[in-house]
Amino acid sequence: MKIEKMLKPEAVGAFYRRKAVFTEEIKILNNIISVLEKLDDSSVKRALFEIACVRAVKLLQNSGYTFKNLRLFLRGNVLKSFRKKLFPILDKLENDENNLEETIRKIKGFRDHRIVHLDPRFAFEKEKDMPVSLNEVKEILKYLEESAKLLFDKEY
């Protein structure tokens, strides 16, 4: 049984909207990372890397649709008879996200200082030009893909 069958009827439409948004965002992030791995042009690579950082962080720490908000939504809208089945899965995903906290904070800091605010304190630090690596963004993508599989594709 898929998760949408475990939800209150009035929550199913919202679940499908969130599922569509997350699925599309993860697909875009995956495509960006695939292109990044093949690029040689440093300026284009830098621009795509910044986009990947923004997209990775916004799915985890933002004011809109985040996986944390999705977990809270599911907790609040699962039918009582399915709570024992679904809550351990949501707890596992929360623990996995907490294990990525340092990586998330690092990428979020990069996004905030270098991309969003163009913080002048960091503008001339050439030796720290890219304090975040592509592998860290990939680590977040892996978590996002695993979460999407568990929440959107798996049968329980």
# chains A, B, ... in the order shown; residues from 1 in each chain; ligands from 1
call {"tool": "residues_around", "arguments": {"residues": "A:Glu101", "least_positions_apart": "3", "cutoff": "12 Å", "atoms": "only C-alpha atoms", "output": "PyMOL selection string"}}
result
chain A and resi 57+60-61+94-98+104-109+136+139-140+143
call {"tool": "residues_around", "arguments": {"residues": "stretch 38-50 of chain A", "least_positions_apart": "3", "cutoff": "8 Å", "atoms": "only C-alpha atoms", "output": "ChimeraX atom specification"}}
result
/A:32-35,53-54,111,115,134
call {"tool": "write_last_selection", "arguments": {"atoms": "C-alpha atoms", "output": "PDB file, in the first residue's frame"}}
result
ATOM      1  CA  ILE A  32      22.416  19.821 -12.970  1.00  0.00           C
ATOM      2  CA  ILE A  33      24.867  17.567 -11.137  1.00  0.00           C
ATOM      3  CA  SER A  34      25.183  15.305 -14.189  1.00  0.00           C
ATOM      4  CA  VAL A  35      26.047  18.302 -16.366  1.00  0.00           C
ATOM      5  CA  CYS A  53      23.579  24.593  -3.970  1.00  0.00           C
ATOM      6  CA  VAL A  54      20.478  26.776  -3.938  1.00  0.00           C
ATOM      7  CA  ARG A 111      24.516  29.890  -0.514  1.00  0.00           C
ATOM      8  CA  ILE A 115      25.182  33.626  -3.777  1.00  0.00           C
ATOM      9  CA  LEU A 134      30.217  18.815  -5.511  1.00  0.00           C
TER      10      LEU A 134
END
call {"tool": "closest_residue", "arguments": {"among": "A:Arg55, A:Ala11, A:Leu151, A:Arg18", "to": "A:Leu86", "atoms": "only C-alpha atoms"}}
result
A:Leu151
call {"tool": "residues_around", "arguments": {"residues": "A:Asp153", "least_positions_apart": "3", "cutoff": "12 Å", "atoms": "only C-alpha atoms", "output": "MDAnalysis selection string"}}
result
chainID A and resid 1:4 19 23 145:150 156
call {"tool": "select_by_dssp", "arguments": {"residues": "stretch 74-154 of chain A", "states": "helix (DSSP H, G or I)", "output": "ChimeraX atom specification"}}
result
/A:74-77,80-99,101-116,126-128,134-153
call {"tool": "residues_around", "arguments": {"residues": "A:Phe73", "least_positions_apart": "6", "cutoff": "10 Å", "atoms": "only C-alpha atoms", "output": "JSON, numbers by chain"}}
result
{"A": [7, 11, 14, 15, 67]}
call {"tool": "write_last_selection", "arguments": {"atoms": "N, CA, C and O atoms", "output": "PDB file, in the first residue's frame"}}
result
ATOM      1  N   LEU A   7      -3.383   8.155   4.012  1.00  0.00           N
ATOM      2  CA  LEU A   7      -3.689   9.523   4.414  1.00  0.00           C
ATOM      3  C   LEU A   7      -5.189   9.772   4.527  1.00  0.00           C
ATOM      4  O   LEU A   7      -5.994   9.085   3.882  1.00  0.00           O
ATOM      5  N   ALA A  11      -6.344  15.109   2.589  1.00  0.00           N
ATOM      6  CA  ALA A  11      -4.925  15.426   2.468  1.00  0.00           C
ATOM      7  C   ALA A  11      -4.282  14.857   1.206  1.00  0.00           C
ATOM      8  O   ALA A  11      -3.156  15.217   0.866  1.00  0.00           O
ATOM      9  N   ALA A  14      -3.203  17.476  -1.553  1.00  0.00           N
ATOM     10  CA  ALA A  14      -2.010  18.227  -1.145  1.00  0.00           C
ATOM     11  C   ALA A  14      -0.763  17.349  -1.226  1.00  0.00           C
ATOM     12  O   ALA A  14       0.312  17.820  -1.602  1.00  0.00           O
ATOM     13  N   PHE A  15      -0.908  16.087  -0.880  1.00  0.00           N
ATOM     14  CA  PHE A  15       0.220  15.160  -0.977  1.00  0.00           C
ATOM     15  C   PHE A  15       0.692  15.038  -2.425  1.00  0.00           C
ATOM     16  O   PHE A  15       1.890  15.087  -2.705  1.00  0.00           O
ATOM     17  N   PHE A  67      11.437  18.835   2.886  1.00  0.00           N
ATOM     18  CA  PHE A  67      11.159  17.469   3.311  1.00  0.00           C
ATOM     19  C   PHE A  67      10.743  17.432   4.778  1.00  0.00           C
ATOM     20  O   PHE A  67       9.947  16.584   5.174  1.00  0.00           O
TER      21      PHE A  67
END
